[in-house]
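*Asks:* One structure, as C-alpha coordinates, below. Some questions next.
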Amino acid sequence: MSRIGNAPVTVPQGVEVNVQGAVVTVKGKLGELTQEVTEGIKVEQTEGQVVVSRANDSKDLRAKHGLYRALINNMVIGVSEGYETKQELVGVGYRAVVKGDLLELSLGFSHNIVFQLPTEVKATAEQSKGKPPIVTFKSHDKQLIGMVASKLRSLRKPEPYKGKGIKYVGESLRRKAGKSAAK
(Lines give C-alpha, C1' and ligand atoms only; values in the text may rest on other atoms or scores of the structure.)
Protein backbone atom coordinates (compact mmCIF):
# COMPACT_ATOMS: atom_id res chain seq x y z
CA MET A 1 0.00 0.00 0.00
CA SER A 2 1.43 3.34 -1.04
CA ARG A 3 0.80 6.00 1.60
CA ILE A 4 2.08 8.85 -0.53
CA GLY A 5 0.32 7.68 -3.69
CA ASN A 6 -3.06 7.35 -1.98
CA ALA A 7 -3.03 10.89 -0.56
CA PRO A 8 -4.96 13.31 -2.80
CA VAL A 9 -3.26 16.46 -4.14
CA THR A 10 -5.18 19.58 -3.12
CA VAL A 11 -5.42 22.20 -5.87
CA PRO A 12 -5.38 25.81 -4.56
CA GLN A 13 -7.33 28.71 -6.03
CA GLY A 14 -5.88 30.04 -9.30
CA VAL A 15 -4.35 26.72 -10.34
CA GLU A 16 -5.85 24.79 -13.25
CA VAL A 17 -5.16 21.06 -13.70
CA ASN A 18 -5.95 19.46 -17.06
CA VAL A 19 -5.73 15.69 -17.60
CA GLN A 20 -5.83 14.45 -21.21
CA GLY A 21 -5.02 10.79 -21.61
CA ALA A 22 -1.53 10.22 -20.24
CA VAL A 23 -0.53 13.92 -20.05
CA VAL A 24 -1.14 16.10 -16.99
CA THR A 25 -0.90 19.87 -17.49
CA VAL A 26 -0.84 22.32 -14.57
CA LYS A 27 -1.27 26.09 -15.12
CA GLY A 28 -0.88 28.78 -12.51
CA LYS A 29 0.19 32.38 -11.98
CA LEU A 30 3.91 31.49 -12.23
CA GLY A 31 3.80 29.30 -15.36
CA GLU A 32 2.75 26.03 -16.93
CA LEU A 33 4.16 22.52 -16.43
CA THR A 34 3.38 19.19 -18.12
CA GLN A 35 4.09 15.62 -17.08
CA GLU A 36 3.52 12.42 -19.02
CA VAL A 37 2.23 9.49 -16.94
CA THR A 38 3.10 5.86 -17.76
CA GLU A 39 0.51 3.27 -18.68
CA GLY A 40 -1.22 1.70 -15.68
CA ILE A 41 -1.26 4.89 -13.59
CA LYS A 42 -4.59 6.73 -13.67
CA VAL A 43 -4.93 10.43 -12.80
CA GLU A 44 -8.43 11.74 -12.01
CA GLN A 45 -9.50 15.25 -11.19
CA THR A 46 -12.33 15.80 -8.74
CA GLU A 47 -13.53 19.06 -7.19
CA GLY A 48 -10.43 20.77 -5.81
CA GLN A 49 -8.34 17.58 -5.73
CA VAL A 50 -6.29 15.32 -7.98
CA VAL A 51 -6.28 11.58 -7.18
CA VAL A 52 -3.63 9.18 -8.53
CA SER A 53 -4.45 5.45 -8.67
CA ARG A 54 -2.89 2.33 -10.20
CA ALA A 55 -4.40 -0.48 -12.28
CA ASN A 56 -2.90 -3.41 -10.35
CA ASP A 57 -0.39 -4.24 -7.61
CA SER A 58 2.61 -5.07 -9.79
CA LYS A 59 5.98 -4.07 -8.36
CA ASP A 60 6.62 -1.54 -11.15
CA LEU A 61 3.28 0.25 -10.70
CA ARG A 62 3.58 0.28 -6.91
CA ALA A 63 6.94 2.04 -7.29
CA LYS A 64 5.58 4.62 -9.75
CA HIS A 65 2.32 5.30 -7.89
CA GLY A 66 3.88 7.53 -5.23
CA LEU A 67 6.36 8.98 -7.72
CA TYR A 68 3.71 10.44 -10.02
CA ARG A 69 1.65 11.72 -7.11
CA ALA A 70 4.74 13.53 -5.77
CA LEU A 71 5.58 14.93 -9.23
CA ILE A 72 2.04 16.30 -9.67
CA ASN A 73 2.14 17.79 -6.16
CA ASN A 74 5.48 19.49 -6.95
CA MET A 75 3.96 20.90 -10.15
CA VAL A 76 0.96 22.33 -8.26
CA ILE A 77 3.18 23.92 -5.60
CA GLY A 78 5.58 25.22 -8.26
CA VAL A 79 3.02 27.09 -10.35
CA SER A 80 1.29 28.55 -7.28
CA GLU A 81 4.19 29.41 -4.91
CA GLY A 82 7.46 28.63 -6.75
CA TYR A 83 10.73 27.20 -5.51
CA GLU A 84 13.94 28.84 -4.30
CA THR A 85 17.47 27.50 -3.80
CA LYS A 86 20.33 29.41 -2.19
CA GLN A 87 24.03 28.60 -2.55
CA GLU A 88 27.04 30.33 -1.04
CA LEU A 89 30.49 30.73 -2.59
CA VAL A 90 33.05 30.13 0.17
CA GLY A 91 36.60 31.19 -0.69
CA VAL A 92 38.87 34.22 -0.94
CA GLY A 93 38.03 36.27 -4.04
CA TYR A 94 34.98 34.19 -5.02
CA ARG A 95 32.38 36.43 -6.69
CA ALA A 96 29.15 36.11 -8.67
CA VAL A 97 27.51 38.64 -10.99
CA VAL A 98 24.18 38.17 -12.80
CA LYS A 99 23.96 39.75 -16.27
CA GLY A 100 20.55 38.95 -17.76
CA ASP A 101 20.44 35.16 -18.24
CA LEU A 102 24.20 34.80 -17.68
CA LEU A 103 25.86 34.14 -14.33
CA GLU A 104 29.50 35.20 -14.29
CA LEU A 105 31.53 33.46 -11.59
CA SER A 106 35.02 34.06 -10.25
CA LEU A 107 35.98 30.83 -8.45
CA GLY A 108 39.75 30.99 -8.10
CA PHE A 109 40.57 29.69 -11.58
CA SER A 110 42.74 31.63 -14.03
CA HIS A 111 39.58 32.72 -15.89
CA ASN A 112 35.99 33.64 -15.06
CA ILE A 113 33.26 31.08 -15.70
CA VAL A 114 30.15 32.19 -17.59
CA PHE A 115 27.15 30.04 -16.66
CA GLN A 116 24.12 30.08 -19.01
CA LEU A 117 20.80 30.00 -17.13
CA PRO A 118 17.62 28.45 -18.57
CA THR A 119 14.83 30.92 -19.34
CA GLU A 120 12.59 29.49 -16.58
CA VAL A 121 15.19 30.13 -13.85
CA LYS A 122 15.81 33.60 -12.42
CA ALA A 123 19.01 34.25 -10.48
CA THR A 124 20.18 36.95 -8.09
CA ALA A 125 23.60 37.40 -6.52
CA GLU A 126 24.05 39.28 -3.26
CA GLN A 127 27.30 40.14 -1.58
CA SER A 128 27.73 41.65 1.86
CA LYS A 129 30.96 42.58 3.57
CA GLY A 130 32.47 39.84 5.73
CA LYS A 131 30.16 37.12 4.38
CA PRO A 132 30.47 34.85 1.35
CA PRO A 133 28.47 35.76 -1.77
CA ILE A 134 25.04 34.09 -2.02
CA VAL A 135 23.46 33.05 -5.34
CA THR A 136 19.67 32.59 -5.25
CA PHE A 137 17.75 30.67 -7.93
CA LYS A 138 13.95 31.00 -8.30
CA SER A 139 11.72 28.96 -10.61
CA HIS A 140 8.37 27.20 -10.85
CA ASP A 141 10.01 23.91 -11.92
CA LYS A 142 11.51 22.02 -8.95
CA GLN A 143 13.34 19.51 -11.13
CA LEU A 144 14.98 22.20 -13.29
CA ILE A 145 16.04 24.37 -10.34
CA GLY A 146 17.65 21.32 -8.70
CA MET A 147 19.58 20.52 -11.88
CA VAL A 148 20.84 24.11 -12.22
CA ALA A 149 21.93 24.23 -8.57
CA SER A 150 23.68 20.86 -8.92
CA LYS A 151 25.48 22.00 -12.09
CA LEU A 152 26.67 25.19 -10.34
CA ARG A 153 27.92 23.17 -7.36
CA SER A 154 29.83 20.80 -9.68
CA LEU A 155 31.97 23.73 -10.91
CA ARG A 156 33.74 23.90 -7.53
CA LYS A 157 32.69 21.29 -4.97
CA PRO A 158 33.47 22.11 -1.33
CA GLU A 159 36.72 20.54 -0.21
CA PRO A 160 36.90 18.86 3.23
CA TYR A 161 39.96 20.67 4.68
CA LYS A 162 39.14 24.38 4.50
CA GLY A 163 35.56 24.15 3.22
CA LYS A 164 36.23 26.26 0.12
CA GLY A 165 33.83 25.83 -2.78
CA ILE A 166 30.14 26.18 -3.62
CA LYS A 167 27.72 24.80 -1.03
CA TYR A 168 24.02 25.05 -0.27
CA VAL A 169 23.02 27.50 2.48
CA GLY A 170 22.57 25.52 5.68
CA GLU A 171 24.53 22.51 4.40
CA SER A 172 26.94 21.02 6.93
CA LEU A 173 30.19 19.68 5.54
CA ARG A 174 32.28 16.90 7.04
CA ARG A 175 35.63 18.47 7.79
CA LYS A 176 38.98 16.69 8.04
CA ALA A 177 41.80 17.63 10.41
CA GLY A 178 44.70 17.74 7.93
CA LYS A 179 48.33 17.08 8.71
CA SER A 180 49.58 17.60 12.24
CA ALA A 181 53.11 18.71 13.13
CA ALA A 182 55.72 16.03 13.88
CA LYS A 183 56.60 15.59 17.56
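Residue numbers start at 1 in each chain; chains themselves are named A, B, ... in the order of the C-alpha coordinates; ligands are numbered from 1 in the order shown.
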Env of A:Leu89: 9 Å cut, atoms = only C-alpha atoms, seq-sep filter 5 positions within chain, self excluded. Answer as a PyMOL selection string.
*Replies:* chain A and resi 94-96+107+132-135+164-168
*Asks:* Wanna dump the stretch 23-123 of chain A-stretch 1-17 of chain A contacts at 6 Å for me, each residue with its shortest atom pair and the distance in Å to one decimal, counting only C-alpha atoms, ordered by chain and number, as JSON lines?
*Replies:*
```
{"residue": "A:Thr25", "atom": "CA", "partner": "A:Val17", "partner_atom": "CA", "distance": 5.8}
{"residue": "A:Val26", "atom": "CA", "partner": "A:Val17", "partner_atom": "CA", "distance": 4.6}
{"residue": "A:Lys27", "atom": "CA", "partner": "A:Glu16", "partner_atom": "CA", "distance": 5.1}
{"residue": "A:Gly28", "atom": "CA", "partner": "A:Val15", "partner_atom": "CA", "distance": 4.6}
{"residue": "A:Gly48", "atom": "CA", "partner": "A:Val11", "partner_atom": "CA", "distance": 5.2}
{"residue": "A:Gln49", "atom": "CA", "partner": "A:Thr10", "partner_atom": "CA", "distance": 4.6}
{"residue": "A:Val50", "atom": "CA", "partner": "A:Val9", "partner_atom": "CA", "distance": 5.0}
{"residue": "A:Val51", "atom": "CA", "partner": "A:Pro8", "partner_atom": "CA", "distance": 4.9}
{"residue": "A:His65", "atom": "CA", "partner": "A:Gly5", "partner_atom": "CA", "distance": 5.2}
{"residue": "A:Gly66", "atom": "CA", "partner": "A:Gly5", "partner_atom": "CA", "distance": 3.9}
{"residue": "A:Arg69", "atom": "CA", "partner": "A:Gly5", "partner_atom": "CA", "distance": 5.5}
{"residue": "A:Asn73", "atom": "CA", "partner": "A:Val9", "partner_atom": "CA", "distance": 5.9}
```
*Asks:* Write out as a ChimeraX atom specification all residues of stretch 11-165 of chain A that backbone DSSP assigns to strand (DSSP E).
*Replies:* /A:16-20,23-28,31-36,41-46,49-54,83-90,95-99,102-106,113-116,122-126,134-139,165
*Asks:* For A:Leu155, find every residue with an atom within 12 Å (counting only C-alpha atoms), except residues of its own chain fewer than 2 positions away, and show them as JSON, numbers by chain.
*Replies:* {"A": [89, 105, 106, 107, 108, 109, 112, 113, 114, 115, 148, 149, 150, 151, 152, 153, 157, 158, 165, 166, 167]}
